[in-house]
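File shown: entry_26.cif. Contents: mmCIF, C-alpha atoms.
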```cif
data_model
#
loop_
_atom_site.label_atom_id
_atom_site.label_comp_id
_atom_site.auth_asym_id
_atom_site.auth_seq_id
_atom_site.Cartn_x
_atom_site.Cartn_y
_atom_site.Cartn_z
CA MET G 1 91.42 81.81 122.94
CA VAL G 2 89.87 84.47 125.14
CA ARG G 3 89.34 87.98 123.81
CA GLU G 4 88.54 91.27 125.44
CA GLY G 5 85.79 93.40 123.91
CA GLY G 6 88.20 95.85 122.30
CA GLU G 7 90.18 93.10 120.61
CA THR G 8 86.99 91.44 119.42
CA TRP G 9 85.78 94.70 117.89
CA ASP G 10 89.17 95.11 116.19
CA GLN G 11 88.78 91.65 114.68
CA ALA G 12 85.22 92.42 113.54
CA LEU G 13 86.42 95.61 111.83
CA ALA G 14 89.33 93.76 110.21
CA LEU G 15 86.86 91.20 108.86
CA ALA G 16 84.62 93.97 107.54
CA SER G 17 87.58 95.46 105.66
CA ARG G 18 87.93 92.15 103.79
CA ALA G 19 84.59 92.90 102.13
CA VAL G 20 86.15 95.87 100.30
CA ALA G 21 86.17 95.13 96.55
CA LEU G 22 83.85 92.22 97.23
CA SER G 23 80.45 93.02 98.72
CA ASP G 24 79.25 96.09 96.76
CA PRO G 25 76.54 97.26 96.59
CA ASN G 26 76.03 95.63 99.99
CA PRO G 27 77.77 97.17 103.00
CA ARG G 28 81.08 95.93 104.40
CA VAL G 29 80.29 94.03 107.56
CA GLY G 30 82.27 91.81 109.92
CA CYS G 31 80.93 89.52 112.64
CA VAL G 32 82.68 87.74 115.50
CA ILE G 33 80.88 85.31 117.84
CA VAL G 34 82.31 84.54 121.28
CA SER G 35 81.20 82.26 124.08
CA GLN G 36 80.01 83.52 127.46
CA ALA G 37 83.59 82.99 128.65
CA GLY G 38 84.93 85.07 125.75
CA ALA G 39 86.31 82.22 123.61
CA LEU G 40 86.19 82.69 119.85
CA LEU G 41 83.50 80.50 118.30
CA GLY G 42 83.09 81.83 114.74
CA GLN G 43 83.76 84.77 112.48
CA GLY G 44 82.98 85.97 108.98
CA HIS G 45 82.41 88.89 106.65
CA THR G 46 79.91 89.78 103.94
CA GLN G 47 80.42 87.99 100.64
CA GLN G 48 79.56 89.03 97.09
CA ALA G 49 76.08 90.44 96.45
CA GLY G 50 73.62 87.57 96.61
CA GLY G 51 75.95 85.60 98.88
CA PRO G 52 75.79 85.18 102.65
CA HIS G 53 76.15 88.15 104.98
CA ALA G 54 78.72 88.42 107.77
CA GLU G 55 76.45 87.01 110.48
CA VAL G 56 75.61 83.89 108.47
CA MET G 57 79.29 83.35 107.64
CA ALA G 58 80.17 83.58 111.34
CA LEU G 59 77.35 81.20 112.29
CA ARG G 60 78.47 78.70 109.65
CA ASP G 61 82.05 78.97 110.86
CA ALA G 62 81.02 78.26 114.45
CA GLN G 63 78.67 75.45 113.51
CA SER G 64 81.29 73.79 111.29
CA LYS G 65 83.47 73.50 114.40
CA GLY G 66 80.67 71.94 116.42
CA HIS G 67 80.23 74.86 118.81
CA ASP G 68 77.06 75.31 120.86
CA LEU G 69 75.98 78.92 120.27
CA ARG G 70 73.33 79.12 122.97
CA GLY G 71 73.98 82.19 125.11
CA ALA G 72 76.89 83.35 122.92
CA THR G 73 77.57 86.98 122.03
CA ALA G 74 77.94 88.35 118.49
CA TYR G 75 79.91 91.50 117.68
CA VAL G 76 78.54 92.91 114.39
CA THR G 77 79.83 96.07 112.73
CA LEU G 78 76.42 96.96 111.20
CA GLU G 79 72.87 96.27 112.35
CA PRO G 80 71.75 92.82 111.13
CA CYS G 81 69.23 92.89 108.31
CA ALA G 82 65.59 92.13 108.98
CA HIS G 83 64.21 91.70 105.47
CA HIS G 84 64.11 89.08 102.76
CA GLY G 85 66.29 90.32 99.90
CA ARG G 86 68.59 87.97 98.00
CA THR G 87 69.16 86.24 101.36
CA PRO G 88 66.97 85.63 104.45
CA PRO G 89 67.10 88.02 107.43
CA CYS G 90 70.31 87.75 109.46
CA ALA G 91 68.43 88.78 112.61
CA ASP G 92 66.31 85.64 112.32
CA ALA G 93 69.40 83.46 111.87
CA LEU G 94 70.97 84.86 115.05
CA VAL G 95 67.76 84.26 117.02
CA ALA G 96 67.42 80.71 115.67
CA ALA G 97 71.00 79.93 116.70
CA GLY G 98 70.16 80.78 120.30
CA LEU G 99 72.52 83.70 120.80
CA GLY G 100 72.11 85.53 124.07
CA LYS G 101 73.46 88.93 123.08
CA VAL G 102 74.31 90.98 119.98
CA LEU G 103 76.54 94.03 120.09
CA VAL G 104 76.06 96.37 117.13
CA ALA G 105 78.63 98.98 116.11
CA LEU G 106 76.42 101.00 113.80
CA ALA G 107 72.70 101.33 113.06
CA ASP G 108 71.73 100.66 109.45
CA PRO G 109 69.84 103.58 107.82
CA ASN G 110 68.61 101.38 104.97
CA PRO G 111 64.80 101.87 105.08
CA LEU G 112 64.45 98.08 104.87
CA VAL G 113 66.37 97.78 108.16
CA ALA G 114 66.49 101.08 110.12
CA GLY G 115 66.05 99.64 113.60
CA GLN G 116 63.98 96.66 112.51
CA GLY G 117 66.97 94.34 112.85
CA VAL G 118 67.46 95.37 116.48
CA ALA G 119 63.72 95.10 117.14
CA ARG G 120 63.56 91.64 115.59
CA LEU G 121 66.45 90.42 117.75
CA ARG G 122 64.90 91.78 120.93
CA SER G 123 61.52 90.29 120.13
CA GLY G 124 63.31 86.96 119.75
CA GLY G 125 64.72 87.21 123.25
CA VAL G 126 68.21 88.42 122.33
CA ALA G 127 69.74 91.29 124.31
CA VAL G 128 71.04 94.03 122.02
CA GLU G 129 73.40 96.93 122.59
CA VAL G 130 74.16 99.54 119.94
CA LEU G 131 77.33 101.58 120.36
CA PRO G 132 76.89 105.36 120.60
CA PRO G 133 77.65 107.15 117.28
CA GLY G 134 80.74 108.82 118.72
CA HIS G 135 82.36 105.54 119.79
CA ALA G 136 85.66 104.86 118.02
CA VAL G 137 84.41 101.50 116.72
CA ALA G 138 81.20 103.07 115.41
CA GLN G 139 83.24 105.75 113.66
CA ALA G 140 85.53 103.14 112.08
CA ALA G 141 82.53 101.12 110.88
CA ARG G 142 81.04 104.30 109.45
CA GLU G 143 84.22 105.15 107.53
CA LEU G 144 84.31 101.65 106.04
CA ASN G 145 80.75 102.16 104.81
CA ILE G 146 80.76 105.90 104.07
CA GLY G 147 79.57 105.22 100.52
CA PHE G 148 76.75 102.88 101.50
CA LEU G 149 75.58 105.33 104.16
CA SER G 150 75.73 108.20 101.66
CA ARG G 151 73.58 106.24 99.22
CA MET G 152 71.04 105.37 101.88
CA VAL G 153 70.82 108.82 103.50
CA ARG G 154 71.72 111.33 100.75
CA LYS G 155 70.53 109.18 97.84
CA ARG G 156 73.84 109.69 96.06
CA PRO G 157 77.26 108.04 96.14
CA TRP G 158 80.24 109.27 98.11
CA VAL G 159 82.32 111.06 95.48
CA ARG G 160 86.10 110.77 95.65
CA LEU G 161 88.08 112.69 93.04
CA LYS G 162 91.57 111.36 92.35
CA VAL G 163 94.42 113.52 91.01
CA ALA G 164 98.09 112.85 90.27
CA ALA G 165 100.00 116.12 89.96
CA SER G 166 103.36 117.85 90.20
CA LEU G 167 104.24 120.28 92.98
CA ASP G 168 102.96 123.12 90.81
CA GLY G 169 99.63 121.38 90.28
CA ARG G 170 100.16 120.11 86.73
CA THR G 171 98.69 116.79 85.65
CA ALA G 172 100.24 116.68 82.18
CA LEU G 173 102.35 118.57 79.68
CA PRO G 174 100.51 121.01 77.38
CA ASP G 175 100.17 118.27 74.75
CA GLY G 176 98.53 115.93 77.26
CA ARG G 177 101.46 113.63 78.00
CA SER G 178 101.22 112.47 81.62
CA GLN G 179 102.96 109.08 81.88
CA TRP G 180 104.25 109.15 84.46
CA ILE G 181 104.15 112.07 86.88
CA THR G 182 103.93 109.93 90.01
CA GLY G 183 105.84 106.76 90.79
CA GLU G 184 104.89 103.10 90.69
CA ALA G 185 104.03 102.93 94.40
CA ALA G 186 101.58 105.81 94.10
CA ARG G 187 99.98 104.26 91.04
CA ALA G 188 99.54 100.95 92.89
CA ASP G 189 98.03 102.79 95.85
CA GLY G 190 95.64 104.51 93.47
CA HIS G 191 94.47 101.08 92.30
CA ALA G 192 93.68 100.17 95.91
CA TRP G 193 91.42 103.22 96.09
CA ARG G 194 89.82 102.26 92.78
CA ALA G 195 89.10 98.86 94.28
CA ARG G 196 87.13 100.52 97.11
CA ALA G 197 84.74 102.07 94.62
CA THR G 198 81.60 100.55 93.17
CA ALA G 199 82.29 102.54 90.00
CA VAL G 200 85.02 104.62 88.35
CA LEU G 201 83.83 107.63 86.35
CA THR G 202 85.58 109.59 83.63
CA GLY G 203 84.70 111.88 80.74
CA ILE G 204 84.77 111.30 77.02
CA GLY G 205 87.79 113.59 76.65
CA THR G 206 89.90 111.27 78.81
CA VAL G 207 88.63 108.21 76.93
CA LEU G 208 89.54 109.70 73.54
CA ASP G 209 92.87 111.23 74.62
CA ASP G 210 94.24 108.54 76.95
CA ASN G 211 92.18 105.40 76.26
CA PRO G 212 92.45 104.28 79.93
CA ARG G 213 91.36 100.88 81.23
CA LEU G 214 90.20 102.22 84.61
CA ASP G 215 90.30 98.76 86.17
CA VAL G 216 92.21 97.40 89.16
CA ARG G 217 95.43 95.68 88.14
CA ALA G 218 97.86 96.26 91.02
CA MET G 219 96.26 93.61 93.23
CA PRO G 220 93.82 90.69 92.81
CA VAL G 221 90.17 91.61 93.43
CA ALA G 222 86.98 89.58 93.45
CA ARG G 223 85.07 92.29 91.58
CA GLN G 224 86.15 95.07 89.27
CA PRO G 225 84.50 98.48 89.64
CA TRP G 226 82.01 99.43 86.98
CA ARG G 227 83.25 102.00 84.48
CA VAL G 228 81.11 105.06 83.75
CA VAL G 229 81.72 107.52 80.91
CA LEU G 230 80.04 110.91 80.65
CA ASP G 231 79.73 111.34 76.92
CA SER G 232 77.20 113.99 75.87
CA ARG G 233 77.43 113.18 72.14
CA TRP G 234 77.95 109.41 72.24
CA ARG G 235 81.53 109.35 70.95
CA THR G 236 82.81 106.44 73.07
CA PRO G 237 84.50 103.87 70.78
CA PRO G 238 83.05 100.35 71.17
CA ASP G 239 86.62 99.04 71.28
CA ALA G 240 87.83 101.47 73.98
CA ALA G 241 90.24 99.90 76.47
CA LEU G 242 87.84 100.39 79.37
CA MET G 243 85.46 97.88 77.80
CA GLY G 244 87.84 95.18 79.09
CA VAL G 245 86.46 91.67 79.11
CA LYS G 246 83.04 92.70 80.45
CA PRO G 247 81.48 95.51 78.41
CA ASP G 248 78.27 95.04 80.43
CA ASP G 249 80.18 96.56 83.37
CA VAL G 250 80.43 99.80 81.37
CA THR G 251 77.81 102.56 81.37
CA VAL G 252 77.90 105.41 78.87
CA ILE G 253 75.75 108.40 79.82
CA GLY G 254 74.79 110.91 77.17
CA LEU G 255 72.42 113.84 76.81
CA THR G 256 68.71 113.20 76.56
CA GLY G 257 67.41 113.52 73.03
CA THR G 258 70.75 113.28 71.24
CA GLN G 259 70.92 109.55 70.44
CA THR G 260 69.22 110.08 67.10
CA ASP G 261 70.65 113.51 66.21
CA ASP G 262 71.94 112.03 62.97
CA ALA G 263 72.60 108.66 61.38
CA GLU G 264 76.23 108.60 62.54
CA THR G 265 75.30 109.23 66.19
CA ALA G 266 72.53 106.62 66.05
CA ALA G 267 74.99 104.10 64.62
CA ARG G 268 77.50 104.78 67.41
CA CYS G 269 74.82 104.24 70.05
CA ALA G 270 73.67 101.05 68.36
CA ALA G 271 77.26 99.76 68.32
CA LEU G 272 77.62 100.35 72.05
CA ILE G 273 74.32 98.63 72.79
CA ALA G 274 75.32 95.69 70.60
CA LYS G 275 78.53 95.43 72.59
CA GLY G 276 76.50 95.03 75.80
CA VAL G 277 77.21 98.51 77.18
CA HIS G 278 74.56 100.20 79.31
CA VAL G 279 73.54 103.28 77.31
CA ILE G 280 71.68 105.86 79.40
CA ASP G 281 70.54 109.38 78.55
CA LEU G 282 70.17 112.07 81.19
CA PRO G 283 69.17 115.75 80.93
CA ALA G 284 71.53 118.69 80.78
CA GLY G 285 72.08 120.89 83.79
CA PRO G 286 70.18 124.20 83.94
CA GLY G 287 71.52 126.51 81.24
CA LEU G 288 74.25 124.03 80.29
CA ASP G 289 75.02 121.84 77.30
CA ARG G 290 76.51 119.08 79.44
CA ILE G 291 75.00 116.29 81.52
CA ASP G 292 73.54 117.28 84.88
CA LEU G 293 75.90 115.87 87.53
CA GLY G 294 73.19 115.82 90.20
CA GLU G 295 71.02 113.65 87.94
CA THR G 296 74.05 111.49 87.22
CA LEU G 297 74.75 110.86 90.89
CA ALA G 298 71.10 110.13 91.62
CA TYR G 299 71.00 107.63 88.75
CA LEU G 300 74.20 105.92 89.94
CA ALA G 301 72.78 105.67 93.47
CA ARG G 302 69.71 103.93 92.07
CA ARG G 303 72.08 101.52 90.33
CA GLY G 304 73.68 100.72 93.70
CA VAL G 305 76.87 102.78 93.49
CA ASN G 306 78.20 103.45 96.99
CA GLU G 307 81.60 105.05 96.39
CA LEU G 308 82.23 106.80 93.08
CA HIS G 309 85.88 107.22 92.11
CA VAL G 310 86.36 110.07 89.61
CA GLU G 311 89.43 110.06 87.35
CA ALA G 312 88.80 112.70 84.74
CA GLY G 313 90.21 115.71 82.96
CA ALA G 314 90.40 119.34 84.03
CA ARG G 315 86.99 120.38 82.72
CA LEU G 316 84.98 117.58 84.30
CA ASN G 317 86.97 117.83 87.54
CA ALA G 318 86.10 121.52 87.69
CA ALA G 319 82.40 120.79 87.11
CA PHE G 320 82.38 118.35 90.02
CA ILE G 321 84.22 120.77 92.32
CA GLU G 322 82.30 123.90 91.37
CA GLY G 323 79.01 122.03 91.70
CA GLY G 324 79.90 121.01 95.25
CA TRP G 325 79.70 117.32 94.38
CA VAL G 326 83.19 116.29 95.52
CA ASP G 327 83.18 114.81 99.01
CA GLU G 328 86.84 113.88 99.09
CA LEU G 329 90.00 114.70 97.19
CA LEU G 330 92.62 111.98 96.76
CA VAL G 331 95.76 113.75 95.55
CA TYR G 332 99.12 112.16 94.72
CA LEU G 333 101.78 114.84 94.64
CA ALA G 334 105.10 114.19 92.90
CA PRO G 335 108.30 116.02 93.97
CA SER G 336 108.68 117.65 90.56
CA VAL G 337 107.93 120.99 88.94
CA ILE G 338 106.59 120.87 85.40
CA GLY G 339 105.91 124.49 84.49
CA PRO G 340 103.49 125.03 81.60
CA GLY G 341 100.98 122.19 81.52
CA LEU G 342 97.44 121.10 82.22
CA PRO G 343 95.82 121.88 85.60
CA PHE G 344 93.92 119.24 87.53
CA ALA G 345 90.79 121.41 87.40
CA ASP G 346 89.88 124.15 84.93
CA LEU G 347 88.16 126.31 87.52
CA GLY G 348 86.53 129.64 86.84
CA LEU G 349 87.70 132.96 88.29
CA LEU G 350 86.62 133.52 91.90
CA PRO G 351 85.12 136.88 92.93
CA ASP G 352 87.25 136.70 96.09
CA LEU G 353 89.07 134.11 98.21
CA THR G 354 86.10 133.56 100.52
CA ALA G 355 84.29 131.91 97.60
CA ALA G 356 86.89 129.14 97.31
CA PRO G 357 85.60 125.61 98.01
CA ARG G 358 86.95 124.54 101.39
CA PHE G 359 88.38 121.14 102.26
CA GLU G 360 89.78 119.75 105.50
CA TRP G 361 92.92 117.65 105.72
CA ARG G 362 92.22 114.04 106.65
CA ASP G 363 95.55 112.38 105.98
CA VAL G 364 99.02 113.00 104.59
CA ALA G 365 101.26 110.02 103.87
CA ARG G 366 104.39 109.29 101.90
CA VAL G 367 103.85 106.64 99.21
CA GLY G 368 107.12 105.75 97.56
CA ASP G 369 108.69 109.01 96.41
CA ASP G 370 105.33 110.83 96.36
CA LEU G 371 102.89 112.24 98.87
CA ARG G 372 99.27 111.13 99.19
CA LEU G 373 96.97 113.88 100.42
CA ILE G 374 93.38 113.22 101.45
CA ALA G 375 91.13 116.22 101.96
CA ARG G 376 87.41 116.13 102.69
CA GLN G 377 84.90 118.85 101.89
CA ALA G 378 83.96 120.54 105.14
CA GLY G 379 80.81 118.91 106.50
CA ALA G 380 80.53 116.35 103.70
CA ASP G 381 80.34 113.44 106.12
CA GLN G 382 77.76 115.04 108.41
CA PHE G 383 74.70 113.11 107.31
#
```
Starting from the coordinates I provided, produce the structure as structure tokens.
Amino acid sequence: MVREGGETWDQALALASRAVALSDPNPRVGCVIVSQAGALLGQGHTQQAGGPHAEVMALRDAQSKGHDLRGATAYVTLEPCAHHGRTPPCADALVAAGLGKVLVALADPNPLVAGQGVARLRSGGVAVEVLPPGHAVAQAARELNIGFLSRMVRKRPWVRLKVAASLDGRTALPDGRSQWITGEAARADGHAWRARATAVLTGIGTVLDDNPRLDVRAMPVARQPWRVVLDSRWRTPPDAALMGVKPDDVTVIGLTGTQTDDAETAARCAALIAKGVHVIDLPAGPGLDRIDLGETLAYLARRGVNELHVEAGARLNAAFIEGGWVDELLVYLAPSVIGPGLPFADLGLLPDLTAAPRFEWRDVARVGDDLRLIARQAGADQF
């Protein structure tokens, strides 16, 4: 089979998308290797953390079919790594295989790579071309890895806040009942967005009121997102539904200095630790009695969280929005009007309309009977 460059890039991007819900905290990368005549030799995508990267998978695929890779060209959606981490450098593997050329969609800002992969390939005699940042393929590769790039450059995850609401912006009745405002198709689509995330974050109010699982159930996934609970006073029940079958995938974050406020609080913390939960304390924000969200995001980035999916109540949603921490809104809008009920964000009074946080429409799509709206904070992706 002979492929043109555009089709080969499309295949590489499609392979990279298969690493969603699989490769975190590593980036989502696809690799396609073609002969000098353009025939497909091998292809692959990044596996689970600690497993082979896309380039190695493609090399193995080609070698398993007995192909001679000397002089071949590799299309890679992210710069090959040049360091020894859990796996050897991919750049070295490409050189050793005798490839003649490597086309790279996107430079890797990881300080352990950051041009070193390209340099290593060139020093090994491999011609390298990196697509310009404005190229459509480079932009697509960037969108696939927006969370990884955010963690590398901004030192914090890409924050996506998910909301399911009525036409009048209500997420529940006054007594908290919310099942279900949106339809089954929208709920399944929401699970697909959960699957993209390294972690799903909520607040203790949602845990106590709704007891959500916050896992991905609408489709099979190789890895479940971690669950994170902001819980200033350590009230998370050890038997909460979000503990699932792997409590060690759960992190409860409370306020510094409150774990031993009293015997009851200390006992609750001890019960969570005994369950295998990660119990972390972080400081309060300036002049606040709640956990500093900036510190929270920095901590999660250090843990390897690329995309953070927030599903929380009105108060925590408002704190994220008012603090400027929300990069993207994922809103499912049902064709219903509820009237009195709970808002999706308990925002404070604005001095005037110019002070309103501004978002830009990215996508509007019908999902079942509902609409899915995606809006991005102006300039959030300019890093």
| If we count all atoms listed in the file, what is near Val250 of chain G at a cut-off of 8 Å, once residues fewer than 2 positions away on the same chain are taken out, given as a list in words? | Trp226, Arg227, Val228, Val229, Leu242, Met243, Lys246, Pro247, Asp248, Val252, Val277 and His278 of chain G
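Each of G:Asp68, G:Asp327, G:Asp92, G:Glu79 was checked against Gly30 of chain G using all atoms listed in the file; the smallest atom-to-atom distance is that of G:Glu79.
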| query | Any idea what the distance is between atom CA of Gly313 of chain G and atom CA of Asn145 of chain G? | reply |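 Distance between the two atoms: 27.4 Å.
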| field | Interatomic distance (Å, one decimal) between atom CA of Leu99 of chain G and atom CA of Gln116 of chain G | value |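 The value is 17.6 Å.
We find atom CA of Ala271 of chain G and atom CA of Gln224 of chain G to be spaced 23.2 Å apart.
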Report as a compact mmCIF listing (two decimals) with C-alpha atoms, in the coordinates of the input the full result of the PyMOL selection byres ((chain G and resi 164) around 9) when it is applied to this structure.
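Saved the output as result.txt:
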```txt
# COMPACT_ATOMS: atom_id res chain seq x y z
CA LYS G 162 91.57 111.36 92.35
CA VAL G 163 94.42 113.52 91.01
CA ALA G 165 100.00 116.12 89.96
CA SER G 166 103.36 117.85 90.20
CA GLY G 169 99.63 121.38 90.28
CA ARG G 170 100.16 120.11 86.73
CA THR G 171 98.69 116.79 85.65
CA ILE G 181 104.15 112.07 86.88
CA THR G 182 103.93 109.93 90.01
CA ALA G 186 101.58 105.81 94.10
CA ARG G 187 99.98 104.26 91.04
CA LEU G 330 92.62 111.98 96.76
CA VAL G 331 95.76 113.75 95.55
CA TYR G 332 99.12 112.16 94.72
CA LEU G 333 101.78 114.84 94.64
CA ALA G 334 105.10 114.19 92.90
CA PHE G 344 93.92 119.24 87.53
```
| request: Name the residues, using the chain letters and numbers of the file, that sit within 12 Å of (63.0, 93.1, 108.0) when counting all atoms listed in the file, and give them as a PyMOL selection string. | output: chain G and resi 79-85+87-92+108+110-121
